[in-house]
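S.K.: Please find run_35.cif (mmCIF, N, CA and C atoms) on the next line:
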```cif
data_data
#
loop_
_atom_site.label_atom_id
_atom_site.label_comp_id
_atom_site.auth_asym_id
_atom_site.auth_seq_id
_atom_site.Cartn_x
_atom_site.Cartn_y
_atom_site.Cartn_z
N MET A 198 -5.40 -20.57 16.24
CA MET A 198 -4.17 -19.81 16.11
C MET A 198 -4.13 -18.76 17.20
N ARG A 199 -3.04 -18.72 17.97
CA ARG A 199 -2.86 -17.70 18.98
C ARG A 199 -2.05 -16.57 18.38
N SER A 200 -2.38 -15.34 18.76
CA SER A 200 -1.58 -14.22 18.31
C SER A 200 -1.62 -13.12 19.35
N ALA A 201 -0.60 -12.28 19.32
CA ALA A 201 -0.53 -11.14 20.23
C ALA A 201 0.07 -9.97 19.48
N VAL A 202 -0.46 -8.79 19.71
CA VAL A 202 0.03 -7.60 19.03
C VAL A 202 0.14 -6.49 20.06
N ALA A 203 1.23 -5.75 20.01
CA ALA A 203 1.39 -4.57 20.85
C ALA A 203 1.88 -3.44 19.95
N THR A 204 1.22 -2.31 20.00
CA THR A 204 1.61 -1.17 19.18
C THR A 204 1.73 0.06 20.06
N TYR A 205 2.76 0.85 19.83
CA TYR A 205 3.01 2.05 20.60
C TYR A 205 3.27 3.18 19.63
N CYS A 206 2.61 4.30 19.81
CA CYS A 206 2.79 5.46 18.94
C CYS A 206 3.14 6.65 19.81
N SER A 207 4.20 7.39 19.45
CA SER A 207 4.56 8.57 20.23
C SER A 207 4.89 9.72 19.30
N THR A 208 4.66 10.92 19.78
CA THR A 208 5.03 12.12 19.04
C THR A 208 6.31 12.63 19.66
N ASP A 209 7.42 12.56 18.89
CA ASP A 209 8.72 12.97 19.39
C ASP A 209 8.98 14.46 19.22
N ALA A 210 8.42 15.02 18.17
CA ALA A 210 8.62 16.44 17.86
C ALA A 210 7.44 16.87 17.01
N PRO A 211 7.22 18.16 16.87
CA PRO A 211 6.12 18.60 16.01
C PRO A 211 6.24 18.01 14.62
N ASP A 212 5.14 17.55 14.08
CA ASP A 212 5.03 17.04 12.73
C ASP A 212 5.76 15.72 12.50
N THR A 213 6.15 15.01 13.55
CA THR A 213 6.73 13.67 13.40
C THR A 213 6.06 12.74 14.40
N PHE A 214 6.06 11.47 14.10
CA PHE A 214 5.59 10.48 15.05
C PHE A 214 6.31 9.18 14.80
N THR A 215 6.42 8.37 15.85
CA THR A 215 7.14 7.11 15.79
C THR A 215 6.18 6.00 16.18
N ILE A 216 6.21 4.92 15.41
CA ILE A 216 5.36 3.77 15.71
C ILE A 216 6.25 2.57 15.97
N THR A 217 5.99 1.87 17.06
CA THR A 217 6.69 0.64 17.39
C THR A 217 5.64 -0.46 17.40
N SER A 218 5.92 -1.55 16.70
CA SER A 218 4.97 -2.65 16.67
C SER A 218 5.71 -3.96 16.88
N VAL A 219 5.24 -4.73 17.82
CA VAL A 219 5.79 -6.06 18.08
C VAL A 219 4.61 -7.03 18.03
N SER A 220 4.78 -8.11 17.28
CA SER A 220 3.69 -9.05 17.13
C SER A 220 4.24 -10.45 17.03
N SER A 221 3.50 -11.42 17.52
CA SER A 221 3.90 -12.80 17.35
C SER A 221 2.67 -13.66 17.13
N ALA A 222 2.84 -14.74 16.41
CA ALA A 222 1.72 -15.64 16.14
C ALA A 222 2.26 -17.06 16.02
N SER A 223 1.46 -18.02 16.41
CA SER A 223 1.89 -19.41 16.26
C SER A 223 1.74 -19.84 14.81
N SER A 224 2.49 -20.84 14.40
CA SER A 224 2.50 -21.27 13.01
C SER A 224 1.50 -22.40 12.77
N PHE A 225 1.13 -22.59 11.53
CA PHE A 225 0.23 -23.67 11.12
C PHE A 225 1.05 -24.93 10.86
N GLY A 226 0.39 -26.06 10.91
CA GLY A 226 1.06 -27.32 10.66
C GLY A 226 1.41 -27.53 9.20
N TYR A 227 0.64 -26.96 8.30
CA TYR A 227 0.88 -27.17 6.88
C TYR A 227 1.16 -25.84 6.20
N ILE A 228 2.24 -25.80 5.46
CA ILE A 228 2.64 -24.57 4.77
C ILE A 228 1.57 -24.09 3.80
N SER A 229 0.95 -24.99 3.07
CA SER A 229 -0.05 -24.59 2.09
C SER A 229 -1.27 -23.94 2.76
N VAL A 230 -1.65 -24.42 3.93
CA VAL A 230 -2.77 -23.83 4.66
C VAL A 230 -2.39 -22.42 5.12
N ALA A 231 -1.18 -22.28 5.64
CA ALA A 231 -0.72 -20.97 6.10
C ALA A 231 -0.60 -19.99 4.94
N PHE A 232 -0.08 -20.45 3.81
CA PHE A 232 0.04 -19.58 2.64
C PHE A 232 -1.32 -19.09 2.18
N LYS A 233 -2.30 -19.99 2.10
CA LYS A 233 -3.64 -19.60 1.66
C LYS A 233 -4.27 -18.62 2.64
N LYS A 234 -4.10 -18.86 3.92
CA LYS A 234 -4.67 -17.96 4.93
C LYS A 234 -4.03 -16.57 4.83
N ARG A 235 -2.71 -16.50 4.68
CA ARG A 235 -2.04 -15.20 4.55
C ARG A 235 -2.46 -14.50 3.26
N ALA A 236 -2.66 -15.27 2.18
CA ALA A 236 -3.11 -14.67 0.91
C ALA A 236 -4.50 -14.08 1.08
N ASP A 237 -5.40 -14.79 1.74
CA ASP A 237 -6.75 -14.28 2.00
C ASP A 237 -6.69 -13.02 2.87
N GLN A 238 -5.87 -13.05 3.90
CA GLN A 238 -5.73 -11.89 4.79
C GLN A 238 -5.15 -10.70 4.04
N ALA A 239 -4.17 -10.94 3.16
CA ALA A 239 -3.55 -9.86 2.39
C ALA A 239 -4.58 -9.21 1.46
N ARG A 240 -5.39 -10.02 0.81
CA ARG A 240 -6.44 -9.46 -0.07
C ARG A 240 -7.45 -8.65 0.73
N PHE A 241 -7.80 -9.12 1.93
CA PHE A 241 -8.72 -8.38 2.78
C PHE A 241 -8.11 -7.03 3.20
N ILE A 242 -6.84 -7.05 3.60
CA ILE A 242 -6.17 -5.81 4.00
C ILE A 242 -6.10 -4.84 2.83
N ARG A 243 -5.75 -5.35 1.64
CA ARG A 243 -5.66 -4.49 0.46
C ARG A 243 -7.04 -3.89 0.13
N HIS A 244 -8.08 -4.69 0.23
CA HIS A 244 -9.44 -4.19 -0.02
C HIS A 244 -9.79 -3.08 0.98
N THR A 245 -9.40 -3.28 2.24
CA THR A 245 -9.65 -2.27 3.27
C THR A 245 -8.89 -0.98 2.96
N ILE A 246 -7.64 -1.10 2.58
CA ILE A 246 -6.83 0.08 2.21
C ILE A 246 -7.50 0.84 1.08
N ASP A 247 -7.92 0.12 0.04
CA ASP A 247 -8.55 0.75 -1.12
C ASP A 247 -9.88 1.41 -0.76
N SER A 248 -10.64 0.81 0.14
CA SER A 248 -11.96 1.36 0.47
C SER A 248 -11.87 2.57 1.38
N ILE A 249 -10.82 2.70 2.17
CA ILE A 249 -10.69 3.82 3.09
C ILE A 249 -10.04 5.03 2.42
N GLY A 250 -8.98 4.81 1.66
CA GLY A 250 -8.29 5.92 1.03
C GLY A 250 -7.51 6.75 2.04
N GLY A 251 -6.79 7.74 1.53
CA GLY A 251 -6.04 8.65 2.39
C GLY A 251 -4.80 8.03 3.01
N ASN A 252 -4.31 8.69 4.06
CA ASN A 252 -3.11 8.22 4.77
C ASN A 252 -3.39 6.87 5.42
N PHE A 253 -2.42 5.98 5.32
CA PHE A 253 -2.64 4.62 5.82
C PHE A 253 -1.29 4.01 6.20
N ILE A 254 -1.23 3.36 7.36
CA ILE A 254 -0.03 2.63 7.80
C ILE A 254 -0.46 1.21 8.17
N VAL A 255 0.24 0.23 7.62
CA VAL A 255 0.04 -1.17 7.96
C VAL A 255 1.37 -1.66 8.51
N ALA A 256 1.38 -2.11 9.77
CA ALA A 256 2.64 -2.53 10.39
C ALA A 256 2.40 -3.78 11.21
N GLY A 257 3.38 -4.67 11.18
CA GLY A 257 3.28 -5.84 12.05
C GLY A 257 3.97 -7.06 11.48
N ASP A 258 3.62 -8.19 12.05
CA ASP A 258 4.17 -9.50 11.70
C ASP A 258 3.36 -10.06 10.53
N PHE A 259 3.95 -10.08 9.35
CA PHE A 259 3.28 -10.60 8.16
C PHE A 259 3.53 -12.10 7.99
N ASN A 260 4.50 -12.66 8.71
CA ASN A 260 4.93 -14.04 8.53
C ASN A 260 5.32 -14.33 7.09
N ASP A 261 5.77 -13.32 6.38
CA ASP A 261 6.22 -13.45 5.00
C ASP A 261 7.39 -12.52 4.74
N ILE A 262 8.28 -12.94 3.87
CA ILE A 262 9.44 -12.14 3.52
C ILE A 262 9.11 -11.18 2.37
N GLN A 263 9.99 -10.21 2.14
CA GLN A 263 9.81 -9.28 1.04
C GLN A 263 9.75 -10.08 -0.26
N GLY A 264 8.90 -9.62 -1.17
CA GLY A 264 8.72 -10.32 -2.44
C GLY A 264 7.65 -11.39 -2.42
N SER A 265 7.10 -11.70 -1.25
CA SER A 265 6.07 -12.73 -1.15
C SER A 265 4.76 -12.24 -1.75
N TYR A 266 3.87 -13.17 -2.04
CA TYR A 266 2.57 -12.83 -2.60
C TYR A 266 1.81 -11.88 -1.66
N ALA A 267 1.79 -12.20 -0.38
CA ALA A 267 1.04 -11.38 0.58
C ALA A 267 1.57 -9.95 0.60
N LEU A 268 2.87 -9.79 0.67
CA LEU A 268 3.45 -8.45 0.72
C LEU A 268 3.19 -7.70 -0.59
N ARG A 269 3.38 -8.36 -1.72
CA ARG A 269 3.11 -7.71 -3.02
C ARG A 269 1.65 -7.31 -3.13
N THR A 270 0.73 -8.12 -2.62
CA THR A 270 -0.70 -7.81 -2.67
C THR A 270 -1.01 -6.56 -1.86
N ILE A 271 -0.47 -6.47 -0.66
CA ILE A 271 -0.73 -5.30 0.19
C ILE A 271 -0.07 -4.05 -0.39
N LEU A 272 1.13 -4.19 -0.93
CA LEU A 272 1.80 -3.03 -1.55
C LEU A 272 1.03 -2.50 -2.74
N GLY A 273 0.34 -3.37 -3.45
CA GLY A 273 -0.49 -2.94 -4.57
C GLY A 273 0.32 -2.47 -5.77
N ASP A 274 -0.23 -1.50 -6.48
CA ASP A 274 0.38 -1.01 -7.72
C ASP A 274 1.32 0.17 -7.49
N GLY A 275 1.90 0.26 -6.33
CA GLY A 275 2.88 1.31 -6.07
C GLY A 275 2.40 2.43 -5.18
N ASP A 276 1.16 2.38 -4.69
CA ASP A 276 0.70 3.45 -3.81
C ASP A 276 1.18 3.26 -2.38
N MET A 277 1.49 2.02 -1.97
CA MET A 277 2.03 1.76 -0.64
C MET A 277 3.56 1.68 -0.75
N HIS A 278 4.24 2.08 0.32
CA HIS A 278 5.70 2.08 0.35
C HIS A 278 6.18 1.22 1.52
N ASP A 279 7.32 0.58 1.33
CA ASP A 279 7.96 -0.23 2.36
C ASP A 279 9.00 0.65 3.06
N ALA A 280 8.75 1.00 4.32
CA ALA A 280 9.63 1.92 5.05
C ALA A 280 11.05 1.36 5.15
N TYR A 281 11.19 0.05 5.33
CA TYR A 281 12.54 -0.53 5.45
C TYR A 281 13.28 -0.44 4.11
N ALA A 282 12.61 -0.79 3.03
CA ALA A 282 13.26 -0.77 1.71
C ALA A 282 13.71 0.64 1.34
N GLU A 283 13.00 1.65 1.81
CA GLU A 283 13.33 3.03 1.46
C GLU A 283 14.36 3.67 2.39
N ASN A 284 14.57 3.13 3.58
CA ASN A 284 15.41 3.82 4.56
C ASN A 284 16.54 3.01 5.17
N ALA A 285 16.56 1.73 4.99
CA ALA A 285 17.58 0.90 5.62
C ALA A 285 18.58 0.41 4.58
N PHE A 286 19.64 -0.18 5.07
CA PHE A 286 20.68 -0.68 4.19
C PHE A 286 20.97 -2.14 4.54
N GLY A 287 20.86 -3.01 3.54
CA GLY A 287 21.20 -4.41 3.73
C GLY A 287 20.09 -5.23 4.36
N PRO A 288 20.40 -6.49 4.58
CA PRO A 288 19.39 -7.39 5.15
C PRO A 288 19.15 -7.09 6.63
N ALA A 289 17.98 -7.47 7.10
CA ALA A 289 17.66 -7.30 8.51
C ALA A 289 16.92 -8.54 9.00
N ILE A 290 17.04 -8.78 10.28
CA ILE A 290 16.35 -9.89 10.91
C ILE A 290 15.35 -9.30 11.89
N THR A 291 14.07 -9.65 11.73
CA THR A 291 13.08 -9.23 12.72
C THR A 291 12.51 -10.43 13.47
N TYR A 292 12.73 -11.63 12.94
CA TYR A 292 12.28 -12.86 13.60
C TYR A 292 13.49 -13.72 13.86
N HIS A 293 13.62 -14.21 15.10
CA HIS A 293 14.79 -15.01 15.45
C HIS A 293 14.42 -16.25 16.26
N GLY A 294 13.21 -16.75 16.08
CA GLY A 294 12.79 -17.94 16.81
C GLY A 294 13.10 -19.22 16.05
N ASN A 295 13.24 -20.30 16.78
CA ASN A 295 13.45 -21.63 16.19
C ASN A 295 14.63 -21.70 15.23
N ARG A 296 15.63 -20.87 15.48
CA ARG A 296 16.84 -20.81 14.64
C ARG A 296 16.55 -20.41 13.20
N PHE A 297 15.46 -19.69 13.00
CA PHE A 297 15.17 -19.08 11.70
C PHE A 297 15.42 -17.59 11.86
N TYR A 298 16.03 -16.99 10.87
CA TYR A 298 16.39 -15.57 10.95
C TYR A 298 15.92 -14.88 9.68
N PHE A 299 14.78 -14.16 9.78
CA PHE A 299 14.17 -13.52 8.62
C PHE A 299 13.67 -12.13 8.98
N ARG A 300 13.39 -11.33 7.96
CA ARG A 300 12.64 -10.08 8.15
C ARG A 300 11.21 -10.39 7.70
N ILE A 301 10.35 -10.68 8.65
CA ILE A 301 8.95 -10.98 8.34
C ILE A 301 8.02 -9.95 8.96
N ASP A 302 8.59 -8.95 9.63
CA ASP A 302 7.82 -7.84 10.18
C ASP A 302 8.04 -6.65 9.25
N HIS A 303 6.97 -5.94 8.94
CA HIS A 303 7.05 -4.88 7.94
C HIS A 303 6.28 -3.65 8.38
N VAL A 304 6.69 -2.48 7.86
CA VAL A 304 5.99 -1.22 8.03
C VAL A 304 5.73 -0.67 6.64
N LEU A 305 4.46 -0.65 6.24
CA LEU A 305 4.06 -0.16 4.92
C LEU A 305 3.20 1.07 5.11
N TYR A 306 3.28 2.01 4.19
CA TYR A 306 2.50 3.23 4.35
C TYR A 306 2.19 3.86 3.00
N ARG A 307 1.23 4.79 3.04
CA ARG A 307 0.93 5.61 1.87
C ARG A 307 0.31 6.91 2.36
N GLY A 308 0.29 7.87 1.47
CA GLY A 308 -0.37 9.12 1.80
C GLY A 308 0.58 10.28 1.90
N ASP A 309 0.13 11.30 2.61
CA ASP A 309 0.84 12.57 2.73
C ASP A 309 1.87 12.50 3.86
N MET A 310 2.75 11.52 3.78
CA MET A 310 3.79 11.32 4.80
C MET A 310 4.97 10.60 4.15
N GLU A 311 6.08 10.63 4.86
CA GLU A 311 7.28 9.95 4.38
C GLU A 311 7.99 9.31 5.56
N ALA A 312 8.37 8.07 5.41
CA ALA A 312 9.19 7.41 6.42
C ALA A 312 10.62 7.93 6.24
N VAL A 313 11.18 8.52 7.28
CA VAL A 313 12.51 9.11 7.18
C VAL A 313 13.56 8.31 7.93
N ASP A 314 13.13 7.37 8.76
CA ASP A 314 14.10 6.56 9.50
C ASP A 314 13.40 5.29 9.97
N ILE A 315 14.16 4.19 9.96
CA ILE A 315 13.66 2.93 10.52
C ILE A 315 14.83 2.22 11.17
N GLU A 316 14.61 1.75 12.38
CA GLU A 316 15.64 1.03 13.12
C GLU A 316 15.04 -0.23 13.70
N ARG A 317 15.86 -1.25 13.79
CA ARG A 317 15.43 -2.48 14.45
C ARG A 317 15.82 -2.38 15.91
N GLY A 318 14.83 -2.50 16.77
CA GLY A 318 15.10 -2.47 18.20
C GLY A 318 15.39 -3.86 18.73
N ASP A 319 15.65 -3.95 20.00
CA ASP A 319 15.88 -5.23 20.66
C ASP A 319 14.90 -5.37 21.81
N THR A 320 14.30 -6.53 21.93
CA THR A 320 13.44 -6.81 23.07
C THR A 320 13.62 -8.27 23.46
N PRO A 321 14.00 -8.53 24.69
CA PRO A 321 14.24 -9.91 25.10
C PRO A 321 12.96 -10.71 25.36
N SER A 322 11.81 -10.06 25.35
CA SER A 322 10.57 -10.75 25.71
C SER A 322 9.81 -11.31 24.51
N SER A 323 10.39 -11.27 23.32
CA SER A 323 9.70 -11.74 22.13
C SER A 323 10.68 -12.43 21.19
N ASP A 324 10.14 -13.25 20.28
CA ASP A 324 10.98 -13.84 19.25
C ASP A 324 11.03 -12.94 18.01
N HIS A 325 10.48 -11.72 18.13
CA HIS A 325 10.53 -10.72 17.07
C HIS A 325 11.25 -9.48 17.59
N TYR A 326 11.99 -8.82 16.71
CA TYR A 326 12.57 -7.52 17.03
C TYR A 326 11.62 -6.44 16.52
N PRO A 327 11.39 -5.38 17.27
CA PRO A 327 10.50 -4.31 16.80
C PRO A 327 11.17 -3.45 15.74
N LEU A 328 10.36 -2.87 14.87
CA LEU A 328 10.83 -1.89 13.90
C LEU A 328 10.35 -0.53 14.37
N LEU A 329 11.27 0.37 14.65
CA LEU A 329 10.95 1.72 15.11
C LEU A 329 11.03 2.64 13.90
N THR A 330 9.91 3.19 13.50
CA THR A 330 9.82 3.96 12.27
C THR A 330 9.41 5.39 12.58
N THR A 331 10.13 6.35 11.98
CA THR A 331 9.81 7.76 12.14
C THR A 331 9.25 8.29 10.84
N PHE A 332 8.09 8.94 10.92
CA PHE A 332 7.44 9.53 9.75
C PHE A 332 7.42 11.05 9.87
N VAL A 333 7.48 11.72 8.73
CA VAL A 333 7.31 13.17 8.65
C VAL A 333 6.16 13.42 7.70
N MET A 334 5.27 14.31 8.10
CA MET A 334 4.16 14.66 7.23
C MET A 334 4.68 15.53 6.09
N ASN A 335 4.31 15.21 4.85
CA ASN A 335 4.77 15.98 3.70
C ASN A 335 4.28 17.42 3.79
N GLY A 336 5.04 18.32 3.19
CA GLY A 336 4.72 19.74 3.26
C GLY A 336 5.42 20.38 4.43
N GLU A 337 5.47 19.69 5.56
CA GLU A 337 6.15 20.22 6.74
C GLU A 337 7.66 20.13 6.57
N ASN A 338 8.13 19.08 5.89
CA ASN A 338 9.55 18.89 5.68
C ASN A 338 10.14 20.02 4.84
N GLU A 339 9.44 20.42 3.76
CA GLU A 339 9.92 21.48 2.89
C GLU A 339 9.88 22.84 3.59
N ALA A 340 8.89 23.02 4.47
CA ALA A 340 8.75 24.31 5.15
C ALA A 340 9.91 24.57 6.11
N SER A 341 10.51 23.52 6.64
CA SER A 341 11.61 23.70 7.59
C SER A 341 12.96 23.87 6.92
N GLU A 342 13.04 23.68 5.61
CA GLU A 342 14.32 23.80 4.91
C GLU A 342 14.56 25.20 4.42
#
```
The structure in this file should be written as structure tokens.
M.R.:
Amino acid sequence: MRSAVATYCSTDAPDTFTITSVSSASSFGYISVAFKKRADQARFIRHTIDSIGGNFIVAGDFNDIQGSYALRTILGDGDMHDAYAENAFGPAITYHGNRFYFRIDHVLYRGDMEAVDIERGDTPSSDHYPLLTTFVMNGENEASE
């Protein structure tokens, strides 16, 4: 399986940061093999999240839509949040290859932060659109009001 990942993080203003992630991977020949592999990877990621604790961001190409087993596994029992579900309106397309149009790229997070904005960017060099997400560290938001 070939895969490529590019991640960019920038600080736009004090107490905020933006993460851009673009990722692509080739598909498996059999859906059941791909499903099992993604399920194994999701359990590994969830185990890693649980073992590290604290602030955590998982972003990238999940090759799965919202509501899938892999996404539900990583989200866990409510400690992880889906930045798109909390900040966007309506359906979105992050994958546009092979005439398939889905949101299979996700930004999940937990901890002492809040996703306050998410936008889908455009990039002609990939079959995925990037998700540009802005986070604010909790406590700082209330201090500025």
S.K.: Tell me which residues the PyMOL selection byres ((chain A and resi 256) around 6) grabs here, as a list in words.
M.R.: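 That selection, the PyMOL selection byres ((chain A and resi 256) around 6), comes back as Ile254, Val255, Gly257, Asp258, His303, Val304 and Leu305 of chain A.
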S.K.: Please write the residues from the selection above to a file, keeping N, CA and C atoms, as an mmCIF file, in the frame of the given file.
M.R.:
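So the final result, stored in result.cif, reads:
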```cif
data_model
loop_
_atom_site.group_PDB
_atom_site.id
_atom_site.type_symbol
_atom_site.label_atom_id
_atom_site.label_comp_id
_atom_site.auth_asym_id
_atom_site.auth_seq_id
_atom_site.Cartn_x
_atom_site.Cartn_y
_atom_site.Cartn_z
ATOM 1 N N ILE A 254 -1.230 3.360 7.360
ATOM 2 C CA ILE A 254 -0.030 2.630 7.800
ATOM 3 C C ILE A 254 -0.460 1.210 8.170
ATOM 4 N N VAL A 255 0.240 0.230 7.620
ATOM 5 C CA VAL A 255 0.040 -1.170 7.960
ATOM 6 C C VAL A 255 1.370 -1.660 8.510
ATOM 7 N N GLY A 257 3.380 -4.670 11.180
ATOM 8 C CA GLY A 257 3.280 -5.840 12.050
ATOM 9 C C GLY A 257 3.970 -7.060 11.480
ATOM 10 N N ASP A 258 3.620 -8.190 12.050
ATOM 11 C CA ASP A 258 4.170 -9.500 11.700
ATOM 12 C C ASP A 258 3.360 -10.060 10.530
ATOM 13 N N HIS A 303 6.970 -5.940 8.940
ATOM 14 C CA HIS A 303 7.050 -4.880 7.940
ATOM 15 C C HIS A 303 6.280 -3.650 8.380
ATOM 16 N N VAL A 304 6.690 -2.480 7.860
ATOM 17 C CA VAL A 304 5.990 -1.220 8.030
ATOM 18 C C VAL A 304 5.730 -0.670 6.640
ATOM 19 N N LEU A 305 4.460 -0.650 6.240
ATOM 20 C CA LEU A 305 4.060 -0.160 4.920
ATOM 21 C C LEU A 305 3.200 1.070 5.110
#
```
S.K.: Return the single residue from A:Thr330, A:Gly250, A:Gly294, A:Ala267 that is closest to Asp237 of chain A, with distances computed using only N, CA and C atoms.
M.R.: A:Ala267
S.K.: So that I can check the secondary structure, give me every residue of segment 226-310 of chain A assigned alpha helix (DSSP H) by backbone DSSP, as a ChimeraX atom specification.
M.R.: /A:228-249,266-272,280-284
S.K.: Between atom N of Ala285 of chain A and atom C of Phe297 of chain A, what is the distance in Å, rounded to a tenth?
M.R.: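 That distance, rounded to one decimal, is 20.5 Å.
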S.K.: Could you list, as JSON, numbers by chain, every residue matched by the PyMOL selection byres (((chain A and resi 306 and name CA) around 12) and name CA) in this structure?
M.R.: {"A": [216, 243, 246, 250, 251, 252, 253, 254, 255, 256, 257, 271, 272, 273, 275, 276, 277, 278, 279, 280, 281, 282, 283, 303, 304, 305, 307, 308, 309, 310, 311, 312, 313, 330, 331, 332, 333, 334]}
S.K.: Could you take the residues named above and write them with N, CA and C atoms, as a CSV table (one decimal), in the coordinates of the input?
M.R.:
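Saved result, selection.csv, follows:
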```
chain,number,residue,atom,x,y,z
A,216,ILE,N,6.2,4.9,15.4
A,216,ILE,CA,5.4,3.8,15.7
A,216,ILE,C,6.2,2.6,16.0
A,243,ARG,N,-5.8,-5.4,1.6
A,243,ARG,CA,-5.7,-4.5,0.5
A,243,ARG,C,-7.0,-3.9,0.1
A,246,ILE,N,-7.6,-1.1,2.6
A,246,ILE,CA,-6.8,0.1,2.2
A,246,ILE,C,-7.5,0.8,1.1
A,250,GLY,N,-9.0,4.8,1.7
A,250,GLY,CA,-8.3,5.9,1.0
A,250,GLY,C,-7.5,6.8,2.0
A,251,GLY,N,-6.8,7.7,1.5
A,251,GLY,CA,-6.0,8.6,2.4
A,251,GLY,C,-4.8,8.0,3.0
A,252,ASN,N,-4.3,8.7,4.1
A,252,ASN,CA,-3.1,8.2,4.8
A,252,ASN,C,-3.4,6.9,5.4
A,253,PHE,N,-2.4,6.0,5.3
A,253,PHE,CA,-2.6,4.6,5.8
A,253,PHE,C,-1.3,4.0,6.2
A,254,ILE,N,-1.2,3.4,7.4
A,254,ILE,CA,0.0,2.6,7.8
A,254,ILE,C,-0.5,1.2,8.2
A,255,VAL,N,0.2,0.2,7.6
A,255,VAL,CA,0.0,-1.2,8.0
A,255,VAL,C,1.4,-1.7,8.5
A,256,ALA,N,1.4,-2.1,9.8
A,256,ALA,CA,2.6,-2.5,10.4
A,256,ALA,C,2.4,-3.8,11.2
A,257,GLY,N,3.4,-4.7,11.2
A,257,GLY,CA,3.3,-5.8,12.0
A,257,GLY,C,4.0,-7.1,11.5
A,271,ILE,N,-0.5,-6.5,-0.7
A,271,ILE,CA,-0.7,-5.3,0.2
A,271,ILE,C,-0.1,-4.0,-0.4
A,272,LEU,N,1.1,-4.2,-0.9
A,272,LEU,CA,1.8,-3.0,-1.6
A,272,LEU,C,1.0,-2.5,-2.7
A,273,GLY,N,0.3,-3.4,-3.4
A,273,GLY,CA,-0.5,-2.9,-4.6
A,273,GLY,C,0.3,-2.5,-5.8
A,275,GLY,N,1.9,0.3,-6.3
A,275,GLY,CA,2.9,1.3,-6.1
A,275,GLY,C,2.4,2.4,-5.2
A,276,ASP,N,1.2,2.4,-4.7
A,276,ASP,CA,0.7,3.4,-3.8
A,276,ASP,C,1.2,3.3,-2.4
A,277,MET,N,1.5,2.0,-2.0
A,277,MET,CA,2.0,1.8,-0.6
A,277,MET,C,3.6,1.7,-0.8
A,278,HIS,N,4.2,2.1,0.3
A,278,HIS,CA,5.7,2.1,0.4
A,278,HIS,C,6.2,1.2,1.5
A,279,ASP,N,7.3,0.6,1.3
A,279,ASP,CA,8.0,-0.2,2.4
A,279,ASP,C,9.0,0.6,3.1
A,280,ALA,N,8.8,1.0,4.3
A,280,ALA,CA,9.6,1.9,5.0
A,280,ALA,C,11.0,1.4,5.2
A,281,TYR,N,11.2,0.0,5.3
A,281,TYR,CA,12.5,-0.5,5.4
A,281,TYR,C,13.3,-0.4,4.1
A,282,ALA,N,12.6,-0.8,3.0
A,282,ALA,CA,13.3,-0.8,1.7
A,282,ALA,C,13.7,0.6,1.3
A,283,GLU,N,13.0,1.6,1.8
A,283,GLU,CA,13.3,3.0,1.5
A,283,GLU,C,14.4,3.7,2.4
A,303,HIS,N,7.0,-5.9,8.9
A,303,HIS,CA,7.0,-4.9,7.9
A,303,HIS,C,6.3,-3.6,8.4
A,304,VAL,N,6.7,-2.5,7.9
A,304,VAL,CA,6.0,-1.2,8.0
A,304,VAL,C,5.7,-0.7,6.6
A,305,LEU,N,4.5,-0.6,6.2
A,305,LEU,CA,4.1,-0.2,4.9
A,305,LEU,C,3.2,1.1,5.1
A,307,ARG,N,1.2,4.8,3.0
A,307,ARG,CA,0.9,5.6,1.9
A,307,ARG,C,0.3,6.9,2.4
A,308,GLY,N,0.3,7.9,1.5
A,308,GLY,CA,-0.4,9.1,1.8
A,308,GLY,C,0.6,10.3,1.9
A,309,ASP,N,0.1,11.3,2.6
A,309,ASP,CA,0.8,12.6,2.7
A,309,ASP,C,1.9,12.5,3.9
A,310,MET,N,2.8,11.5,3.8
A,310,MET,CA,3.8,11.3,4.8
A,310,MET,C,5.0,10.6,4.2
A,311,GLU,N,6.1,10.6,4.9
A,311,GLU,CA,7.3,10.0,4.4
A,311,GLU,C,8.0,9.3,5.6
A,312,ALA,N,8.4,8.1,5.4
A,312,ALA,CA,9.2,7.4,6.4
A,312,ALA,C,10.6,7.9,6.2
A,313,VAL,N,11.2,8.5,7.3
A,313,VAL,CA,12.5,9.1,7.2
A,313,VAL,C,13.6,8.3,7.9
A,330,THR,N,9.9,3.2,13.5
A,330,THR,CA,9.8,4.0,12.3
A,330,THR,C,9.4,5.4,12.6
A,331,THR,N,10.1,6.4,12.0
A,331,THR,CA,9.8,7.8,12.1
A,331,THR,C,9.2,8.3,10.8
A,332,PHE,N,8.1,8.9,10.9
A,332,PHE,CA,7.4,9.5,9.8
A,332,PHE,C,7.4,11.0,9.9
A,333,VAL,N,7.5,11.7,8.7
A,333,VAL,CA,7.3,13.2,8.6
A,333,VAL,C,6.2,13.4,7.7
A,334,MET,N,5.3,14.3,8.1
A,334,MET,CA,4.2,14.7,7.2
A,334,MET,C,4.7,15.5,6.1
```
S.K.: If we count all atoms listed in the file and set the cut-off at 8 Å, which residues sit around Thr291 of chain A, ignoring sequence neighbours fewer than 5 positions away in its own chain? Please answer as a PyMOL selection string.
M.R.: chain A and resi 297-303+317+324-328
S.K.: If the PyMOL selection byres (((chain A and resi 234 and name CA) around 12) and name CA) is run on the structure shown, which residues does it catch, given as a list in words?
M.R.: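 In the shown coordinates, the PyMOL selection byres (((chain A and resi 234 and name CA) around 12) and name CA) covers Met198, Ser224, Phe225, Tyr227, Ile228, Ser229, Val230, Ala231, Phe232, Lys233, Arg235, Ala236, Asp237, Gln238, Ala239, Arg240, Phe241, Phe259, Asn260, Asp261, Tyr266 and Ala267 of chain A.
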S.K.: Quick one: distance from atom CA of Thr245 of chain A to atom CA of Ile262 of chain A in Å, one decimal?
M.R.: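 One can read the atom CA of Thr245 of chain A to atom CA of Ile262 of chain A distance as 21.5 Å.
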S.K.: Box for segment 272-275 of chain A: with edges along x, y and z, all listed atoms inside and 4 Å added on each side, what are the centre and edge lengths in Å to one decimal, as AutoDock Vina command-line options?
M.R.:
```
--center_x 1.2 --center_y -0.9 --center_z -4.3 --size_x 11.4 --size_y 14.6 --size_z 14.8
```
S.K.: Just checking: using only N, CA and C atoms, which residue out of A:Ile249, A:Ile242, A:Asn335, A:Glu316 ends up closest to Asn284 of chain A?
M.R.: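 Looking at the shortest contact to Asn284 of chain A, the residue is A:Glu316.
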